[in-house]
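Written out below as structure tokens is the structure these notes cover.
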Amino acid sequence: MNILYQCNDKYAPYCGTSITSLFENNKDVDNICVYILNDSISDINRNKFDILSKQYNRKIVLLDTTVIVSKMEELGIPKYRGSYTTNMKMFVSYVLPDDVDRLLYIDSDTIVLGDLSELFSCDMQEYPIAMALDFIVRNHKKTIGLSNNSYYYNAGVILFNCTNCKKIDFTGRIVNYINNNNPNFSLPDQDLLNIIFCDNIMQLDPKYNFQPVHILFNDRSYYKCFKNNGYYPQSKINKDKNDIRIAHFLRFLGEFPWDKNNSHPYNDLFDKYLKVSPWKNYEKAEKKLSVLFKIEKILYKILPNDIFIYIYRLSHEIFMKQSDKKSKKNKSNRLM
């Protein structure tokens with residue numbers, strides 16, 4: 001199994017915790033090679049990745065991303081939250097060994113809970129990539145030009161068929177789109193993949209990218225609030241809830257499981273694998289929350305879940321609307 005992560009030095013403890021969970025829950029797999037797109041990882045964290053590799057007798061390769069960063073600078077791709085890391089996976093072909101045929105990209109904000117070997121033998125037909133659907137993008141889909149019923153995929157887990165990617169010039173199509181459209185999206189990697197390859201993405205089961213909304217709220221409340229436009233049927237979510245292979249944290253109330261005093265439903269899961277990783281001494285810090293998230297956190301504690309879910313949806317839509325406006329403003333400034 002060839003697995004891909006990407007991280008900078010700040011995210012190294014989270015990436016390392018995810019890799020620890022991968023190794024812990026795939027012990028029966030003979031060969032696992034983890035590639036990390038390295039965005040200025042410090043010597044201290046490099047050493048911890050080396051310790052992790054030896055601890056499980058698995059291969060971890062830190063890939064030099066200089067050529068990727070140079071390409072993104074050449075294309076004028078803006079940094080996302082102060083870093084180029086988020087977009088690196090879309091240009092992995094520049095640094096990946098030629099003999100890798102199938103590659104599974106996993107976000108650092110995840111915990112691997114089960115066997116992933118099925119993904120390396122599934123029939124991808126002619127699809128270059130496979131992804132799971134994103135759970136909460138109603139208005140955002142319209143913002144980027146997709147219809148309400150369109151599928152919109154989450155980029156936290158991506159299965160690459162490298163042979164098929166080469167056939168369709170996967171990276172070249174991304175470069176051409178950027179050159180011709182000068183995009184500046186609020187979710188840069190995810191939006192690009194959904195727009196460019198909208199009809200050429202194989203759909204993964206939700207168990208491979210299980211998102212916290214389905215842990216927080218029961219299925220009835222979720223589908224009543226968010227409807228089912230361009231999303232999995234309720235029966236599919238209910239089934240995969242009992243067989244989660246990859247838990248994807250995603251921000252909840254403005255926080256992640258690595259924040260101090262967070263209310264994230266995956267906090268205990270993150271702590272479990274953090275404690276057996278080389279980053280076990282990591283100290284959580286308090287997250288500075290915006291007024292919006294502070295209010296949302298208070299309401300989460302006092303309202304019943306079937307009522308709070310509407311607050312949650314509204315808060316996310318406000319957050320995404322603000323992000324989309326900021327992205328459009330940044331694009332206008334770049335064009336001036």
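How things are named: the first chain in the structure tokens is A, the next is B, and so on; residues count from 1 in each chain; ligands count from 1 in the order shown.
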Run DSSP on the backbone and give me the residues of range 41-182 of chain A it puts in helix (DSSP H, G or I), as number ranges by chain.
A: 43-56, 66-75, 85-94, 117-120, 138-143, 162-167, 170-181
Could you pull out the strand (DSSP E) residues of range 188-258 of chain A from DSSP and send them as a VMD selection string?
chain A and resid 201 to 203 246 to 248
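Near Ser108 in chain A, within 10 Å and counting only C-alpha atoms, sit Leu4, Tyr5, Gln6, Cys7, Tyr11, Ala12, Pro13, Tyr14, Cys15, Gly16, Thr17, Ser18, Ile19, Gly156, Val157, His248 and Phe249 of chain A, not including residues fewer than 6 positions from it in the same chain.
Shortest separation to Asn281 in chain A among A:Lys71, A:Lys59, A:Lys48, A:Arg245 occurs at residue A:Lys48, atoms counted being only C-alpha atoms.
Neighbours of range 228-234 of chain A closer than or equal to 10 Å, with only C-alpha atoms counted and sequence neighbours fewer than 6 positions away skipped, come out as A:Ala132, A:Leu133, A:Asp134, A:Phe135, A:Ile136, A:Val137, A:Arg138, A:Ser147, A:Asn148, A:Asn149, A:Ser150, A:Tyr151, A:Tyr152, A:Tyr153, A:Gln203, A:Asp205, A:Pro206, A:Asp219, A:Arg220, A:Tyr222.
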Contact residues around Ile168 in chain A with only C-alpha atoms at 12 Å, ignoring same-chain residues under 2 positions, as a ChimeraX atom specification
/A:126-129,161-166,170-174,196-197,200
Contacts of range 28-31 of chain A at 10 Å or less, counting only C-alpha atoms, minus same-chain residues fewer than 6 places along, as a short mmCIF file (atom, residue, chain, number, x, y, z; two decimals) with all heavy atoms, in the first residue's frame?
data_model
loop_
_atom_site.label_atom_id
_atom_site.label_comp_id
_atom_site.auth_asym_id
_atom_site.auth_seq_id
_atom_site.Cartn_x
_atom_site.Cartn_y
_atom_site.Cartn_z
N MET A 1 0.85 -1.19 0.00
CA MET A 1 0.00 0.00 0.00
C MET A 1 0.88 1.23 0.00
O MET A 1 1.71 1.42 0.88
CB MET A 1 -0.91 0.03 1.23
CG MET A 1 -1.91 -1.11 1.29
SD MET A 1 -3.32 -0.81 2.42
CE MET A 1 -2.52 -0.19 3.89
N ASN A 2 0.69 2.09 -1.00
CA ASN A 2 1.38 3.38 -1.06
C ASN A 2 0.42 4.45 -0.56
O ASN A 2 -0.63 4.68 -1.16
CB ASN A 2 1.82 3.68 -2.50
CG ASN A 2 2.92 2.74 -2.95
OD1 ASN A 2 3.98 2.69 -2.34
ND2 ASN A 2 2.68 2.00 -4.02
N ASN A 57 8.36 -0.88 11.80
CA ASN A 57 9.08 -1.50 10.68
C ASN A 57 8.38 -1.21 9.35
O ASN A 57 8.17 -2.11 8.53
CB ASN A 57 9.21 -3.01 10.89
CG ASN A 57 10.22 -3.65 9.94
OD1 ASN A 57 11.18 -3.00 9.48
ND2 ASN A 57 10.01 -4.91 9.63
N ARG A 58 8.03 0.06 9.17
CA ARG A 58 7.38 0.51 7.94
C ARG A 58 8.23 1.61 7.32
O ARG A 58 8.99 2.31 8.00
CB ARG A 58 5.98 1.06 8.23
CG ARG A 58 5.01 0.08 8.88
CD ARG A 58 4.65 -1.06 7.96
NE ARG A 58 3.48 -1.79 8.44
CZ ARG A 58 3.00 -2.87 7.84
NH1 ARG A 58 3.60 -3.36 6.76
NH2 ARG A 58 1.93 -3.48 8.32
N LYS A 59 8.06 1.81 6.03
CA LYS A 59 8.84 2.81 5.31
C LYS A 59 8.11 4.15 5.28
O LYS A 59 6.94 4.22 4.89
CB LYS A 59 9.11 2.32 3.89
CG LYS A 59 10.11 3.15 3.11
CD LYS A 59 10.38 2.49 1.75
CE LYS A 59 11.41 3.28 0.95
NZ LYS A 59 11.66 2.67 -0.38
N ASP A 115 -8.87 -1.70 8.08
CA ASP A 115 -8.10 -2.20 6.95
C ASP A 115 -8.41 -1.38 5.69
O ASP A 115 -9.56 -1.19 5.33
CB ASP A 115 -8.49 -3.68 6.74
CG ASP A 115 -7.69 -4.36 5.64
OD1 ASP A 115 -6.83 -3.70 5.02
OD2 ASP A 115 -7.93 -5.55 5.40
N LEU A 116 -7.35 -0.92 5.03
CA LEU A 116 -7.52 -0.11 3.81
C LEU A 116 -7.15 -0.87 2.54
O LEU A 116 -7.19 -0.31 1.45
CB LEU A 116 -6.65 1.15 3.91
CG LEU A 116 -6.92 2.08 5.09
CD1 LEU A 116 -6.01 3.31 5.00
CD2 LEU A 116 -8.37 2.51 5.15
N SER A 117 -6.79 -2.14 2.68
CA SER A 117 -6.27 -2.89 1.53
C SER A 117 -7.28 -3.05 0.40
O SER A 117 -6.89 -3.18 -0.77
CB SER A 117 -5.76 -4.27 1.97
OG SER A 117 -6.78 -5.02 2.61
#
Find, counting only C-alpha atoms, the residue in A:Leu274, A:Leu216, A:Val175, A:Leu104 that gets nearest to Leu192 in chain A.
A:Val175
Pick out the residues sitting within 7 Å of Pro257 in chain A, and hand them over as a list in words; count only C-alpha atoms, and ignore anything fewer than 4 positions along from it in its own chain.
Asn262, His264, Tyr266, Asn267 and Phe270 of chain A
File of the preceding selection, all heavy atoms, as a PDB file, in the first residue's frame:
ATOM      1  N   ASN A 262     -11.446  21.290  23.778  1.00  0.00           N
ATOM      2  CA  ASN A 262     -12.325  21.273  22.606  1.00  0.00           C
ATOM      3  C   ASN A 262     -13.575  20.428  22.878  1.00  0.00           C
ATOM      4  O   ASN A 262     -13.611  19.615  23.807  1.00  0.00           O
ATOM      5  CB  ASN A 262     -11.571  20.731  21.382  1.00  0.00           C
ATOM      6  CG  ASN A 262     -11.302  19.237  21.481  1.00  0.00           C
ATOM      7  OD1 ASN A 262     -12.170  18.407  21.189  1.00  0.00           O
ATOM      8  ND2 ASN A 262     -10.093  18.860  21.896  1.00  0.00           N
ATOM      9  N   HIS A 264     -14.882  18.554  20.337  1.00  0.00           N
ATOM     10  CA  HIS A 264     -14.930  17.725  19.131  1.00  0.00           C
ATOM     11  C   HIS A 264     -15.287  16.276  19.450  1.00  0.00           C
ATOM     12  O   HIS A 264     -14.764  15.693  20.412  1.00  0.00           O
ATOM     13  CB  HIS A 264     -13.573  17.774  18.420  1.00  0.00           C
ATOM     14  CG  HIS A 264     -13.652  17.466  16.964  1.00  0.00           C
ATOM     15  ND1 HIS A 264     -13.867  16.194  16.472  1.00  0.00           N
ATOM     16  CD2 HIS A 264     -13.556  18.267  15.864  1.00  0.00           C
ATOM     17  CE1 HIS A 264     -13.889  16.225  15.161  1.00  0.00           C
ATOM     18  NE2 HIS A 264     -13.717  17.468  14.763  1.00  0.00           N
ATOM     19  N   TYR A 266     -14.417  13.611  18.035  1.00  0.00           N
ATOM     20  CA  TYR A 266     -13.318  12.679  17.810  1.00  0.00           C
ATOM     21  C   TYR A 266     -12.130  12.942  18.750  1.00  0.00           C
ATOM     22  O   TYR A 266     -11.041  12.403  18.537  1.00  0.00           O
ATOM     23  CB  TYR A 266     -12.834  12.767  16.360  1.00  0.00           C
ATOM     24  CG  TYR A 266     -13.726  12.082  15.347  1.00  0.00           C
ATOM     25  CD1 TYR A 266     -13.923  12.632  14.078  1.00  0.00           C
ATOM     26  CD2 TYR A 266     -14.355  10.886  15.637  1.00  0.00           C
ATOM     27  CE1 TYR A 266     -14.733  12.004  13.139  1.00  0.00           C
ATOM     28  CE2 TYR A 266     -15.170  10.247  14.706  1.00  0.00           C
ATOM     29  CZ  TYR A 266     -15.352  10.818  13.457  1.00  0.00           C
ATOM     30  OH  TYR A 266     -16.138  10.187  12.532  1.00  0.00           O
ATOM     31  N   ASN A 267     -12.343  13.732  19.801  1.00  0.00           N
ATOM     32  CA  ASN A 267     -11.245  14.070  20.706  1.00  0.00           C
ATOM     33  C   ASN A 267     -10.597  12.833  21.340  1.00  0.00           C
ATOM     34  O   ASN A 267      -9.371  12.690  21.341  1.00  0.00           O
ATOM     35  CB  ASN A 267     -11.740  15.008  21.812  1.00  0.00           C
ATOM     36  CG  ASN A 267     -10.662  15.347  22.813  1.00  0.00           C
ATOM     37  OD1 ASN A 267      -9.736  16.094  22.518  1.00  0.00           O
ATOM     38  ND2 ASN A 267     -10.743  14.773  24.008  1.00  0.00           N
ATOM     39  N   PHE A 270      -8.540  10.798  18.839  1.00  0.00           N
ATOM     40  CA  PHE A 270      -7.249  11.423  18.560  1.00  0.00           C
ATOM     41  C   PHE A 270      -6.275  11.191  19.711  1.00  0.00           C
ATOM     42  O   PHE A 270      -5.115  10.813  19.505  1.00  0.00           O
ATOM     43  CB  PHE A 270      -7.446  12.928  18.332  1.00  0.00           C
ATOM     44  CG  PHE A 270      -6.163  13.710  18.184  1.00  0.00           C
ATOM     45  CD1 PHE A 270      -5.437  13.663  17.004  1.00  0.00           C
ATOM     46  CD2 PHE A 270      -5.685  14.481  19.233  1.00  0.00           C
ATOM     47  CE1 PHE A 270      -4.246  14.376  16.870  1.00  0.00           C
ATOM     48  CE2 PHE A 270      -4.510  15.203  19.109  1.00  0.00           C
ATOM     49  CZ  PHE A 270      -3.784  15.146  17.926  1.00  0.00           C
TER      50      PHE A 270
END
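The spacing separating CA of Lys207 in chain A from CA of Asp109 in chain A amounts to 15.4 Å.
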